[in-house]
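J.: What follows is work_6.cif; its format and atoms are mmCIF, C-alpha atoms, pLDDT in the B column; chains and numbers go by the auth columns.
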```cif
data_start
loop_
_atom_site.group_PDB
_atom_site.id
_atom_site.type_symbol
_atom_site.label_atom_id
_atom_site.label_comp_id
_atom_site.label_asym_id
_atom_site.label_seq_id
_atom_site.Cartn_x
_atom_site.Cartn_y
_atom_site.Cartn_z
_atom_site.B_iso_or_equiv
_atom_site.auth_seq_id
_atom_site.auth_asym_id
ATOM 1 C CA MET A 1 -24.185 -6.895 88.724 72.00 1 J
ATOM 2 C CA ALA A 2 -24.069 -3.155 89.364 85.00 2 J
ATOM 3 C CA MET A 3 -21.988 -0.924 87.138 94.00 3 J
ATOM 4 C CA LYS A 4 -18.776 0.385 88.689 97.00 4 J
ATOM 5 C CA VAL A 5 -17.450 3.902 88.178 97.00 5 J
ATOM 6 C CA ARG A 6 -14.097 5.554 88.823 98.00 6 J
ATOM 7 C CA ILE A 7 -14.421 9.086 90.188 98.00 7 J
ATOM 8 C CA THR A 8 -11.403 11.409 89.938 98.00 8 J
ATOM 9 C CA GLN A 9 -11.177 14.934 91.340 98.00 9 J
ATOM 10 C CA ILE A 10 -10.005 17.256 88.567 98.00 10 J
ATOM 11 C CA LYS A 11 -10.722 20.653 90.142 97.00 11 J
ATOM 12 C CA SER A 12 -10.092 22.037 93.618 96.00 12 J
ATOM 13 C CA GLY A 13 -12.923 22.456 96.105 95.00 13 J
ATOM 14 C CA ILE A 14 -11.468 25.759 97.311 96.00 14 J
ATOM 15 C CA GLY A 15 -13.978 28.564 96.848 97.00 15 J
ATOM 16 C CA TYR A 16 -16.966 26.212 96.699 97.00 16 J
ATOM 17 C CA PRO A 17 -19.584 25.736 99.430 98.00 17 J
ATOM 18 C CA LEU A 18 -18.757 23.552 102.438 98.00 18 J
ATOM 19 C CA ARG A 19 -21.541 21.173 101.396 97.00 19 J
ATOM 20 C CA GLN A 20 -19.703 20.344 98.149 98.00 20 J
ATOM 21 C CA LYS A 21 -16.411 19.808 99.999 97.00 21 J
ATOM 22 C CA GLN A 22 -18.200 17.434 102.369 98.00 22 J
ATOM 23 C CA THR A 23 -19.666 15.558 99.400 98.00 23 J
ATOM 24 C CA LEU A 24 -16.164 15.012 97.991 97.00 24 J
ATOM 25 C CA LYS A 25 -15.049 13.732 101.398 97.00 25 J
ATOM 26 C CA SER A 26 -18.028 11.374 101.664 97.00 26 J
ATOM 27 C CA LEU A 27 -17.165 9.963 98.228 97.00 27 J
ATOM 28 C CA GLY A 28 -13.720 9.159 99.636 97.00 28 J
ATOM 29 C CA ILE A 29 -11.798 11.674 97.547 97.00 29 J
ATOM 30 C CA ARG A 30 -8.910 13.146 99.517 95.00 30 J
ATOM 31 C CA LYS A 31 -6.963 15.410 97.157 95.00 31 J
ATOM 32 C CA MET A 32 -6.538 16.487 93.554 97.00 32 J
ATOM 33 C CA ASN A 33 -6.198 13.672 90.999 97.00 33 J
ATOM 34 C CA HIS A 34 -7.191 11.114 93.643 96.00 34 J
ATOM 35 C CA SER A 35 -9.457 8.376 92.254 97.00 35 J
ATOM 36 C CA VAL A 36 -11.953 6.142 93.983 98.00 36 J
ATOM 37 C CA GLU A 37 -14.121 3.321 92.661 97.00 37 J
ATOM 38 C CA HIS A 38 -17.756 2.838 93.658 97.00 38 J
ATOM 39 C CA GLU A 39 -20.648 0.716 92.505 97.00 39 J
ATOM 40 C CA LEU A 40 -23.161 3.042 90.900 96.00 40 J
ATOM 41 C CA ASN A 41 -26.366 3.318 92.926 95.00 41 J
ATOM 42 C CA PRO A 42 -28.849 6.186 93.407 96.00 42 J
ATOM 43 C CA GLN A 43 -26.961 7.578 96.424 97.00 43 J
ATOM 44 C CA ILE A 44 -23.589 7.684 94.656 97.00 44 J
ATOM 45 C CA GLN A 45 -25.196 9.082 91.485 97.00 45 J
ATOM 46 C CA GLY A 46 -26.766 11.896 93.534 97.00 46 J
ATOM 47 C CA MET A 47 -23.415 12.794 95.102 98.00 47 J
ATOM 48 C CA ILE A 48 -21.748 12.784 91.688 98.00 48 J
ATOM 49 C CA ASP A 49 -24.446 15.106 90.326 98.00 49 J
ATOM 50 C CA LYS A 50 -23.786 17.613 93.136 98.00 50 J
ATOM 51 C CA VAL A 51 -20.053 17.870 92.385 98.00 51 J
ATOM 52 C CA LYS A 52 -19.974 17.031 88.662 97.00 52 J
ATOM 53 C CA HIS A 53 -18.087 20.272 87.950 97.00 53 J
ATOM 54 C CA LEU A 54 -15.227 19.104 90.218 98.00 54 J
ATOM 55 C CA VAL A 55 -14.885 15.459 89.170 98.00 55 J
ATOM 56 C CA LYS A 56 -14.421 13.198 86.150 98.00 56 J
ATOM 57 C CA VAL A 57 -16.451 9.970 86.060 98.00 57 J
ATOM 58 C CA GLU A 58 -15.470 6.879 84.041 97.00 58 J
ATOM 59 C CA GLU A 59 -17.208 3.521 83.714 96.00 59 J
ATOM 60 C CA ILE A 60 -15.022 0.524 84.532 94.00 60 J
ATOM 61 C CA ASN A 61 -15.464 -3.195 84.113 81.00 61 J
#
```
Could you write out this structure as structure tokens?
T.:
Amino acid sequence: MAMKVRITQIKSGIGYPLRQKQTLKSLGIRKMNHSVEHELNPQIQGMIDKVKHLVKVEEIN
């Protein structure tokens, strides 16, 4: 079973490149303090790495 993670936006995307804003949108994050849950796979991990300065990631059961 794949590990699940909760991704929460903790910093605004304003002032950052459009590419990073699009990455937040593709993760399903809509606004500040919004959380989404995903199964961790290489694609999701890559997106998290690109916006790690804007989000908080927690493992969940």
J.: Which one is closest to Val57 (chain J): J:Gln22, J:Gln9, J:Asn33, J:Gln43? Count all atoms listed in the file.
T.: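 Counting all atoms listed in the file, the residue closest to Val57 (chain J) is J:Gln9.
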J.: Here is a test: counting only C-alpha atoms, which residue of J:His34, J:Pro17, J:Ile7, J:Asn61 is nearest to Asp49 (chain J)?
T.: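 Closest residue, counting only C-alpha atoms: J:Ile7.
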J.: Which of these residues is nearest to Arg6 (chain J), using all atoms listed in the file: J:Leu24, J:Ile44, J:Leu18, J:Val36?
T.: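 Of the candidates, the smallest distance to Arg6 (chain J) is held by J:Val36.
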J.: Using only C-alpha atoms, determine which residues lie at most 10 Å from Met32 (chain J), disregarding the query and same-chain residues fewer than 6 positions distant; provide the list as a PyMOL selection string.
T.: chain J and resi 8-13+54-55
J.: Using only C-alpha atoms, please write the residues we just selected to a file, as a PDB file, in the frame of the given file.
T.:
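This went into out_5.pdb:
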```pdb
ATOM      1  CA  THR J   8     -11.403  11.409  89.938  1.00 98.00           C
ATOM      2  CA  GLN J   9     -11.177  14.934  91.340  1.00 98.00           C
ATOM      3  CA  ILE J  10     -10.005  17.256  88.567  1.00 98.00           C
ATOM      4  CA  LYS J  11     -10.722  20.653  90.142  1.00 97.00           C
ATOM      5  CA  SER J  12     -10.092  22.037  93.618  1.00 96.00           C
ATOM      6  CA  GLY J  13     -12.923  22.456  96.105  1.00 95.00           C
ATOM      7  CA  LEU J  54     -15.227  19.104  90.218  1.00 98.00           C
ATOM      8  CA  VAL J  55     -14.885  15.459  89.170  1.00 98.00           C
TER       9      VAL J  55
END
```
J.: Which residue gives the smallest distance to Met3 (chain J) among J:Gly15, J:Leu40, J:Lys50, J:Gln20, with only C-alpha atoms counted?
T.: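 Among the listed residues, the smallest separation from Met3 (chain J) belongs to J:Leu40.
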J.: Which of these residues is nearest to Glu58 (chain J), using all atoms listed in the file: J:Lys31, J:Gly46, J:Thr23, J:His38?
T.: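 Checking each of J:Lys31, J:Gly46, J:Thr23, J:His38 against Glu58 (chain J), counting all atoms listed in the file, the winner is J:His38.
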J.: Between J:Glu39, J:Ile29, J:Lys21, J:Tyr16, which has the minimum distance to Lys56 (chain J) (counting only C-alpha atoms)?
T.: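 Going through J:Glu39, J:Ile29, J:Lys21, J:Tyr16 one by one, the smallest distance to Lys56 (chain J) is for J:Ile29.
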J.: Quick check, in Å to one decimal: how far apart do CA of Val5 (chain J) and CA of Ile60 (chain J) lie?
T.: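 For CA of Val5 (chain J) relative to CA of Ile60 (chain J), the distance reads 5.5 Å.
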J.: For the atom pair CA of Asn41 (chain J) and CA of Ala2 (chain J), what is the interatomic distance in Å to one decimal place?
T.: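 So the two atoms, CA of Asn41 (chain J) and CA of Ala2 (chain J), lie 7.7 Å apart.
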